[in-house]
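Peer 1: Coordinates in protein_20.cif, mmCIF, C-alpha atoms, are listed below.
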```cif
data_target
#
loop_
_atom_site.label_atom_id
_atom_site.label_comp_id
_atom_site.auth_asym_id
_atom_site.auth_seq_id
_atom_site.Cartn_x
_atom_site.Cartn_y
_atom_site.Cartn_z
CA MET A 1 33.18 18.94 11.64
CA GLY A 2 32.02 15.78 13.36
CA VAL A 3 30.01 13.00 11.83
CA LEU A 4 26.53 14.06 10.82
CA VAL A 5 24.56 11.69 13.07
CA HIS A 6 26.13 13.59 15.97
CA ASP A 7 25.84 17.04 14.37
CA SER A 8 25.24 20.04 16.64
CA GLU A 9 21.88 20.70 14.91
CA ALA A 10 19.02 18.26 15.52
CA PHE A 11 17.61 18.61 11.99
CA VAL A 12 20.96 17.55 10.53
CA ARG A 13 21.07 14.54 12.88
CA ARG A 14 17.54 13.69 11.75
CA ALA A 15 18.46 13.95 8.05
CA ALA A 16 21.45 11.70 8.68
CA ILE A 17 19.39 9.07 10.52
CA GLN A 18 16.65 9.20 7.89
CA SER A 19 19.24 8.52 5.19
CA LEU A 20 20.29 5.42 7.14
CA VAL A 21 16.61 4.37 7.31
CA LEU A 22 16.46 4.67 3.55
CA PHE A 23 19.48 2.42 3.13
CA ALA A 24 18.24 -0.09 5.70
CA THR A 25 14.83 -0.41 4.01
CA ASP A 26 16.34 -1.15 0.62
CA ALA A 27 16.00 -4.91 0.42
CA ALA A 28 18.46 -5.01 -2.46
CA ASP A 29 21.21 -3.32 -0.48
CA ARG A 30 22.86 -5.23 2.33
CA GLU A 31 26.34 -3.83 1.71
CA LEU A 32 26.09 -1.46 4.64
CA ASP A 33 24.86 -4.00 7.19
CA ALA A 34 28.38 -4.73 8.35
CA MET A 35 28.82 -1.08 9.23
CA VAL A 36 25.73 -0.86 11.42
CA PRO A 37 27.52 -1.99 14.60
CA SER A 38 29.63 1.16 14.36
CA LEU A 39 26.52 3.26 15.00
CA ARG A 40 26.27 4.55 18.55
CA PHE A 41 22.57 3.86 19.08
CA GLN A 42 22.63 4.68 22.77
CA GLU A 43 23.50 8.28 21.89
CA PHE A 44 20.58 8.49 19.43
CA ILE A 45 18.22 7.09 22.04
CA ASP A 46 19.46 9.55 24.65
CA ASP A 47 19.16 12.51 22.24
CA HIS A 48 17.39 15.51 23.78
CA ASP A 49 15.39 16.03 20.56
CA TRP A 50 12.36 13.71 20.47
CA GLU A 51 12.19 13.72 16.68
CA VAL A 52 15.69 12.27 16.59
CA ARG A 53 14.57 9.57 19.04
CA ARG A 54 11.47 8.86 16.93
CA ASP A 55 13.58 8.56 13.77
CA THR A 56 15.90 6.26 15.68
CA VAL A 57 12.94 3.94 16.32
CA ASP A 58 12.29 3.99 12.58
CA LEU A 59 15.91 3.03 11.94
CA LEU A 60 15.69 0.17 14.45
CA ARG A 61 12.44 -0.89 12.81
CA ALA A 62 14.08 -0.97 9.37
CA LEU A 63 17.02 -2.94 10.73
CA ALA A 64 14.74 -5.31 12.63
CA ALA A 65 13.28 -6.43 9.33
CA HIS A 66 16.66 -7.98 8.53
CA ASP A 67 16.80 -11.65 9.51
CA ASP A 68 20.24 -11.41 11.08
CA TYR A 69 19.74 -8.25 13.12
CA VAL A 70 19.15 -8.70 16.84
CA LEU A 71 17.68 -5.75 18.64
CA ASP A 72 18.92 -4.77 22.07
CA ALA A 73 16.01 -5.21 24.49
CA ALA A 74 17.22 -2.29 26.58
CA PHE A 75 16.82 0.07 23.59
CA LEU A 76 13.25 -1.08 23.09
CA GLU A 77 12.32 -0.74 26.72
CA THR A 78 13.75 2.77 26.90
CA LEU A 79 11.94 3.89 23.75
CA ALA A 80 8.63 2.30 24.78
CA ASN A 81 8.74 4.34 27.96
CA ASP A 82 9.76 7.60 26.26
CA LEU A 83 8.14 10.80 27.51
CA GLU A 84 6.97 11.73 24.02
CA VAL A 85 3.90 10.08 22.52
CA PRO A 86 5.21 9.80 18.91
CA VAL A 87 8.32 7.99 20.11
CA ARG A 88 6.23 5.52 22.10
CA SER A 89 3.76 4.98 19.26
CA HIS A 90 6.57 4.28 16.78
CA ALA A 91 8.04 1.88 19.35
CA VAL A 92 4.69 0.09 19.43
CA ALA A 93 4.77 -0.20 15.64
CA LEU A 94 8.20 -1.75 15.99
CA ALA A 95 6.82 -4.19 18.57
CA LYS A 96 4.05 -5.21 16.20
CA ASP A 97 6.63 -5.87 13.47
CA LEU A 98 8.65 -7.99 15.87
CA LEU A 99 5.61 -9.97 16.88
CA GLN A 100 4.97 -10.76 13.23
CA LYS A 101 8.57 -11.80 12.79
CA SER A 102 8.94 -13.90 15.94
CA PRO A 103 8.05 -13.44 19.60
CA VAL A 104 11.62 -12.90 20.70
CA PRO A 105 12.41 -12.06 24.34
CA ALA A 106 13.11 -8.44 23.44
CA THR A 107 9.54 -8.11 22.22
CA ILE A 108 8.23 -9.54 25.44
CA VAL A 109 10.13 -6.93 27.40
CA LEU A 110 8.61 -4.24 25.25
CA LEU A 111 5.10 -5.66 25.43
CA GLU A 112 5.33 -5.97 29.17
CA ALA A 113 6.28 -2.32 29.34
CA ILE A 114 3.38 -1.36 27.10
CA VAL A 115 0.84 -3.49 28.91
CA ALA A 116 1.99 -2.19 32.28
CA ASP A 117 1.87 1.35 30.98
CA ALA A 118 -1.63 0.88 29.55
CA ALA A 119 -2.85 -0.70 32.78
CA LYS A 120 -1.86 2.30 34.85
CA THR A 121 -3.31 4.71 32.30
CA ASP A 122 -6.87 3.68 31.72
CA SER A 123 -7.89 6.62 29.55
CA LYS A 124 -9.22 6.06 26.05
CA LYS A 125 -6.73 8.58 24.77
CA HIS A 126 -3.86 6.42 25.90
CA GLN A 127 -5.23 3.42 24.06
CA ASP A 128 -5.73 5.51 20.94
CA ILE A 129 -2.12 6.54 21.16
CA LEU A 130 -1.00 2.98 21.32
CA GLY A 131 -3.33 2.10 18.48
CA TRP A 132 -4.40 -1.05 20.25
CA SER A 133 -7.79 -1.86 21.71
CA THR A 134 -8.08 -3.44 25.13
CA SER A 135 -8.76 -6.78 23.50
CA ASP A 136 -5.61 -6.39 21.40
CA LEU A 137 -3.65 -5.75 24.56
CA PHE A 138 -5.10 -8.81 26.20
CA ALA A 139 -4.36 -10.82 23.09
CA HIS A 140 -0.75 -9.70 23.12
CA GLN A 141 -0.50 -10.29 26.85
CA HIS A 142 -1.72 -13.80 26.17
CA ILE A 143 0.99 -14.24 23.58
CA CYS A 144 3.52 -12.94 26.08
CA ASP A 145 2.35 -15.37 28.73
CA ASP A 146 2.46 -18.28 26.30
CA VAL A 147 5.94 -17.43 25.15
CA MET A 148 7.15 -16.73 28.66
CA ASP A 149 6.03 -20.23 29.64
CA CYS A 150 8.46 -21.58 27.08
CA TYR A 151 11.45 -20.03 28.83
CA MET B 152 2.03 51.13 -15.00
CA LEU B 153 4.42 48.17 -14.88
CA GLY B 154 4.88 48.67 -11.16
CA SER B 155 1.15 48.62 -10.40
CA THR B 156 0.63 45.56 -12.60
CA LEU B 157 3.42 43.73 -10.77
CA ASP B 158 2.06 44.80 -7.40
CA ALA B 159 -1.23 43.08 -8.25
CA ILE B 160 0.40 39.79 -9.23
CA PRO B 161 1.31 38.41 -5.80
CA SER B 162 -2.36 38.41 -4.78
CA LEU B 163 -3.19 36.00 -7.60
CA ASP B 164 -3.57 32.35 -6.84
CA GLU B 165 -4.16 29.54 -9.30
CA LYS B 166 -6.78 28.10 -6.99
CA ASP B 167 -8.70 31.36 -7.25
CA ALA B 168 -12.01 30.58 -8.95
CA ARG B 169 -11.90 33.95 -10.71
CA LEU B 170 -8.87 32.86 -12.68
CA ASP B 171 -9.86 30.75 -15.63
CA ALA B 172 -7.41 29.06 -17.98
CA GLU B 173 -7.43 31.96 -20.42
CA HIS B 174 -6.54 34.46 -17.72
CA VAL B 175 -3.65 32.31 -16.59
CA LYS B 176 -2.41 31.77 -20.13
CA GLY B 177 -2.43 35.52 -20.73
CA LEU B 178 -0.70 36.17 -17.44
CA THR B 179 1.95 33.54 -18.06
CA ASP B 180 2.62 34.94 -21.54
CA CYS B 181 2.94 38.36 -20.03
CA LEU B 182 5.36 37.15 -17.37
CA LEU B 183 7.42 35.27 -19.93
CA HIS B 184 7.65 38.36 -22.08
CA MET B 185 8.75 40.44 -19.12
CA VAL B 186 11.46 37.99 -18.16
CA ASP B 187 12.58 37.77 -21.77
CA VAL B 188 12.63 41.44 -22.65
CA ASN B 189 13.14 43.23 -19.40
CA VAL B 190 15.35 40.96 -17.37
CA SER B 191 18.21 43.42 -17.45
CA LYS B 192 16.01 46.47 -17.10
CA LEU B 193 13.64 45.37 -14.37
CA PRO B 194 14.53 46.39 -10.85
CA SER B 195 15.34 43.43 -8.57
CA ARG B 196 12.08 43.81 -6.68
CA SER B 197 10.02 43.51 -9.86
CA LEU B 198 11.97 40.53 -11.11
CA LYS B 199 11.42 38.81 -7.76
CA THR B 200 7.70 39.48 -8.12
CA VAL B 201 7.70 37.90 -11.57
CA ILE B 202 9.51 34.78 -10.32
CA VAL B 203 7.34 34.47 -7.23
CA SER B 204 4.27 34.70 -9.47
CA LEU B 205 5.60 31.95 -11.73
CA GLN B 206 6.15 29.83 -8.63
CA ARG B 207 2.65 30.59 -7.36
CA LEU B 208 1.16 29.60 -10.69
CA SER B 209 3.51 26.64 -11.16
CA VAL B 210 0.83 24.03 -11.86
CA LEU B 211 -0.43 26.04 -14.78
CA ALA B 212 2.95 27.49 -15.69
CA ALA B 213 4.32 23.95 -16.06
CA ARG B 214 2.28 23.72 -19.25
CA LYS B 215 4.69 26.20 -20.78
CA PRO B 216 8.12 24.53 -21.05
CA GLU B 217 9.68 27.75 -22.38
CA ILE B 218 9.58 29.02 -18.80
CA GLY B 219 12.38 26.52 -18.14
CA ASP B 220 14.49 28.22 -20.84
CA LYS B 221 13.94 31.62 -19.28
CA LEU B 222 14.71 30.54 -15.74
CA LEU B 223 17.86 28.71 -16.80
CA LEU B 224 18.94 31.76 -18.79
CA LEU B 225 18.43 33.85 -15.70
CA LEU B 226 20.30 31.38 -13.48
CA HIS B 227 23.14 31.05 -15.95
CA SER B 228 23.71 34.78 -16.06
CA ALA B 229 25.70 36.43 -13.33
CA SER B 230 23.46 37.79 -10.60
CA SER B 231 24.52 39.37 -7.37
CA ASP B 232 21.07 39.14 -5.82
CA ALA B 233 20.88 35.95 -3.73
CA ASP B 234 17.09 36.22 -3.46
CA ILE B 235 16.60 36.20 -7.22
CA VAL B 236 18.89 33.21 -7.73
CA ARG B 237 17.30 31.33 -4.82
CA LEU B 238 13.75 32.07 -6.02
CA ALA B 239 14.61 31.07 -9.59
CA LEU B 240 16.09 27.77 -8.37
CA GLN B 241 13.05 27.10 -6.19
CA THR B 242 10.66 27.89 -9.04
CA LEU B 243 12.54 25.63 -11.44
CA ASP B 244 12.54 22.94 -8.72
CA LYS B 245 8.76 23.23 -8.37
CA LEU B 246 8.24 23.11 -12.13
CA LEU B 247 10.51 20.07 -12.55
CA ARG B 248 8.27 18.13 -10.16
CA ASN B 249 5.77 18.17 -13.01
CA LEU B 250 6.78 15.11 -15.01
CA VAL B 251 5.51 16.48 -18.33
CA PHE B 252 7.44 19.72 -17.85
CA ARG B 253 10.50 17.73 -16.81
CA LYS B 254 10.26 15.47 -19.86
CA VAL B 255 9.99 18.36 -22.30
CA CYS B 256 12.59 20.51 -20.55
CA LEU B 257 15.26 17.88 -19.84
CA GLY B 258 14.59 16.10 -23.11
CA ARG B 259 16.54 18.86 -24.84
CA PRO B 260 20.33 18.30 -24.65
CA GLU B 261 21.14 22.03 -24.69
CA LEU B 262 18.89 22.65 -21.68
CA ARG B 263 20.37 19.69 -19.81
CA GLU B 264 23.82 21.09 -20.49
CA THR B 265 22.81 24.50 -19.18
CA LEU B 266 21.21 22.95 -16.10
CA VAL B 267 24.42 21.05 -15.33
CA LYS B 268 26.42 24.27 -15.62
CA VAL B 269 23.94 26.10 -13.41
CA LEU B 270 23.96 23.40 -10.73
CA LYS B 271 27.73 23.10 -10.81
CA ARG B 272 28.07 26.81 -10.30
CA ARG B 273 25.31 27.21 -7.71
CA LEU B 274 26.39 24.25 -5.55
CA THR B 275 29.58 26.16 -4.85
CA ASP B 276 27.97 29.60 -4.61
CA LEU B 277 29.31 31.76 -1.80
CA ARG B 278 25.78 32.26 -0.42
CA TRP B 279 24.44 29.34 1.60
CA GLU B 280 20.81 30.01 0.59
CA VAL B 281 21.79 29.47 -3.04
CA ARG B 282 23.76 26.28 -2.29
CA ASP B 283 20.79 24.98 -0.31
CA SER B 284 18.29 25.68 -3.11
CA ALA B 285 20.61 24.09 -5.69
CA LEU B 286 20.78 20.94 -3.54
CA GLU B 287 16.99 20.84 -3.24
CA LEU B 288 16.66 21.05 -7.02
CA LEU B 289 19.16 18.22 -7.39
CA ALA B 290 17.18 16.13 -4.89
CA THR B 291 14.08 16.67 -7.01
CA LEU B 292 15.95 15.35 -10.02
CA GLY B 293 17.05 12.32 -8.02
CA THR B 294 13.49 11.54 -6.94
CA ASP B 295 11.68 9.32 -9.44
CA ALA B 296 14.52 10.03 -11.84
CA ASP B 297 13.89 9.24 -15.48
CA GLN B 298 16.72 8.83 -17.99
CA ASP B 299 17.00 12.55 -18.70
CA ALA B 300 17.28 13.44 -15.02
CA THR B 301 19.80 10.63 -14.54
CA ASN B 302 21.85 12.08 -17.40
CA VAL B 303 21.91 15.49 -15.71
CA VAL B 304 23.13 13.97 -12.42
CA GLN B 305 25.63 11.81 -14.30
CA GLU B 306 27.08 14.79 -16.15
CA LEU B 307 27.21 16.81 -12.94
CA ILE B 308 28.97 14.12 -10.96
CA ASN B 309 31.34 13.26 -13.80
CA ASP B 310 32.31 16.90 -14.18
CA ASN B 311 32.65 17.50 -10.48
CA ASP B 312 33.92 14.13 -9.30
CA ASP B 313 31.57 14.31 -6.28
CA GLU B 314 33.59 17.17 -4.83
CA ALA B 315 30.81 19.73 -4.70
CA LEU B 316 28.44 17.29 -2.99
CA VAL B 317 31.00 16.10 -0.46
CA SER B 318 31.89 19.68 0.27
CA CYS B 319 28.21 20.44 0.98
CA LEU B 320 28.13 17.60 3.54
CA GLN B 321 30.82 19.50 5.43
CA ASP B 322 29.30 22.94 4.88
CA SER B 323 29.56 25.50 7.67
CA GLU B 324 25.79 26.11 7.38
CA ALA B 325 23.63 23.41 8.97
CA TYR B 326 20.76 23.78 6.47
CA VAL B 327 23.17 23.00 3.65
CA ARG B 328 24.53 19.95 5.48
CA ALA B 329 20.99 18.62 6.02
CA SER B 330 20.01 19.25 2.39
CA ALA B 331 23.21 17.58 1.20
CA VAL B 332 22.40 14.42 3.17
CA THR B 333 18.85 14.33 1.81
CA THR B 334 20.01 15.02 -1.74
CA ILE B 335 22.74 12.37 -1.82
CA ALA B 336 20.33 9.86 -0.28
CA ALA B 337 17.80 10.67 -3.03
CA ILE B 338 20.38 10.41 -5.81
CA SER B 339 21.73 7.14 -4.43
CA LYS B 340 18.34 5.54 -5.09
CA ILE B 341 19.25 5.65 -8.78
CA PRO B 342 21.08 2.35 -9.42
CA THR B 343 23.88 4.14 -11.31
CA PHE B 344 24.77 6.14 -8.20
CA ARG B 345 24.43 3.46 -5.54
CA ALA B 346 28.11 3.90 -4.71
CA LEU B 347 27.24 7.26 -3.21
CA ARG B 348 25.69 5.39 -0.28
CA ARG B 349 29.07 4.25 0.92
CA LEU B 350 30.35 7.80 0.68
CA LEU B 351 27.34 9.13 2.55
CA PHE B 352 27.50 6.42 5.21
CA ASP B 353 31.12 7.31 5.86
CA LYS B 354 30.34 10.99 6.22
CA VAL B 355 27.16 10.43 8.18
CA SER B 356 28.26 7.97 10.79
CA VAL B 357 31.88 6.90 10.81
CA SER B 358 33.94 8.60 13.49
#
```
Output the file's structure in the form of structure tokens.

Peer 2:
Amino acid sequence: MGVLVHDSEAFVRRAAIQSLVLFATDAADRELDAMVPSLRFQEFIDDHDWEVRRDTVDLLRALAAHDDYVLDAAFLETLANDLEVPVRSHAVALAKDLLQKSPVPATIVLLEAIVADAAKTDSKKHQDILGWSTSDLFAHQHICDDVMDCY
Amino acid sequence: MLGSTLDAIPSLDEKDARLDAEHVKGLTDCLLHMVDVNVSKLPSRSLKTVIVSLQRLSVLAARKPEIGDKLLLLLHSASSDADIVRLALQTLDKLLRNLVFRKVCLGRPELRETLVKVLKRRLTDLRWEVRDSALELLATLGTDADQDATNVVQELINDNDDEALVSCLQDSEAYVRASAVTTIAAISKIPTFRALRRLLFDKVSVS
């Protein structure tokens, strides 16, 4: 029997990842932080089951709330361009959190992906999915530009 | 007569406007009596009908804590029918989500003791459906656990030394593995059992 995050059944992998989300969101519990690097995130992100990928975004989101956790920009970019809408919309929620925290380069990468994606898909449905109005997008683009100027 | 009465029960629903409180009280009393008197005489199919009806009427049935006694009695006794054990565990699970029912039921030491014995036995049952339902009941106890629920989990873990739970994490049936993860995560929210997180993390993610 392998470890449960890599179980043969997707619903077991999801339960395992959700339990990690629970631990990561507990502000009083930082004991497990040191063990996080042992998680093979790339395998979660490449999972064929979109619900596993969506839950992985939730795990990254919970971890991103920790001051000392640095998200891999490549993970964010991949998830923001996922084929499945729920994965992308959770990735957007993660981006919003990161913007609140600090406009780190990883967030810019993600926002650029989102803005580019929204620009090529001008339907209202797409904007509803993202949960951002056009003005929000422009506002965030503006933030991106401002921050980019600093680098 | 009994058969036709039981056949009519599954069509009842507590949201049905035709069922007023008096009807439900009468029905629940009737069901309790049947479980009490006829548990050994009823055919399996009829007993399942009774338990399903209790589950269906759980919101109203939760006002009668003695149902907990009857279900635990049923679960404590040897039964070869996996469906009956599974349904009884699921019904008790549903009833224990009612905090008043839980308080009255688990407030009694003798019932807590019986529940621990039942869980201990059913977590290692040969049938995966039963193990799965026992885990779900345990997860319910771990969610918003009051002192009585904490005592049940404490007694279970003390008696078992985590073995039954760890074994469920490595179960051959995937549903049991998933339920075990969810259950241990729920229990580990109780400060007393925070150490279970380390155990779960190891089983969940360490190669």

Peer 1: Expand the PyMOL selection byres ((chain B and resi 313) around 12) into the individual residues it matches in the shown file, reporting them as a ChimeraX atom specification.

Peer 2: /B:271,274,304-312,314-320,331,335,338,344,346-347,350-351

Peer 1: Give as an MDAnalysis selection string every residue of chain A that touches chain B within 12 Å, counting all atoms listed in the file.

Peer 2: chainID A and resid 1:26 28:41 44

Peer 1: Any chance you could work out the residue set of the PyMOL selection byres ((chain B and resi 238) around 10) here, as an mmCIF file with C-alpha atoms, in the frame of the given file?

Peer 2:
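So the final result, stored in part-v5.cif, reads:
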```
data_model
loop_
_atom_site.group_PDB
_atom_site.id
_atom_site.type_symbol
_atom_site.label_atom_id
_atom_site.label_comp_id
_atom_site.auth_asym_id
_atom_site.auth_seq_id
_atom_site.Cartn_x
_atom_site.Cartn_y
_atom_site.Cartn_z
ATOM 1 C CA LYS B 199 11.420 38.810 -7.760
ATOM 2 C CA THR B 200 7.700 39.480 -8.120
ATOM 3 C CA ILE B 202 9.510 34.780 -10.320
ATOM 4 C CA VAL B 203 7.340 34.470 -7.230
ATOM 5 C CA LEU B 205 5.600 31.950 -11.730
ATOM 6 C CA GLN B 206 6.150 29.830 -8.630
ATOM 7 C CA LEU B 222 14.710 30.540 -15.740
ATOM 8 C CA LEU B 226 20.300 31.380 -13.480
ATOM 9 C CA ALA B 233 20.880 35.950 -3.730
ATOM 10 C CA ASP B 234 17.090 36.220 -3.460
ATOM 11 C CA ILE B 235 16.600 36.200 -7.220
ATOM 12 C CA VAL B 236 18.890 33.210 -7.730
ATOM 13 C CA ARG B 237 17.300 31.330 -4.820
ATOM 14 C CA ALA B 239 14.610 31.070 -9.590
ATOM 15 C CA LEU B 240 16.090 27.770 -8.370
ATOM 16 C CA GLN B 241 13.050 27.100 -6.190
ATOM 17 C CA THR B 242 10.660 27.890 -9.040
ATOM 18 C CA LEU B 243 12.540 25.630 -11.440
ATOM 19 C CA ASP B 244 12.540 22.940 -8.720
ATOM 20 C CA GLU B 280 20.810 30.010 0.590
ATOM 21 C CA VAL B 281 21.790 29.470 -3.040
ATOM 22 C CA SER B 284 18.290 25.680 -3.110
#
```

Peer 1: Could you work out how far CA of Arg253 (chain B) lies from CA of Lys268 (chain B), giving the answer in Å with one decimal?

Peer 2: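 Distance reported for this atom pair: 17.3 Å.
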
Peer 1: Any chance you could resolve the PyMOL selection byres ((chain B and resi 269) around 10) against this file and give the residues as a list of chain:residue names?

Peer 2: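 Expected selection for the PyMOL selection byres ((chain B and resi 269) around 10) here is B:Leu223, B:Leu224, B:Leu225, B:Leu226, B:His227, B:Ser228, B:Leu240, B:Arg263, B:Glu264, B:Thr265, B:Leu266, B:Val267, B:Lys268, B:Leu270, B:Lys271, B:Arg272, B:Arg273, B:Leu274, B:Ala285, B:Leu307.
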
Peer 1: Record the distance separating CA of Ala91 (chain A) and CA of Arg54 (chain A), expressed in Å with one decimal.

Peer 2: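 Computing the Euclidean distance for CA of Ala91 (chain A) and CA of Arg54 (chain A) yields 8.1 Å.
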
Peer 1: As an exercise, work out the distance from CA of Asp220 (chain B) to CA of Leu262 (chain B) in Å and give it to one decimal place.

Peer 2: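 Separation between CA of Asp220 (chain B) and CA of Leu262 (chain B): 7.1 Å.
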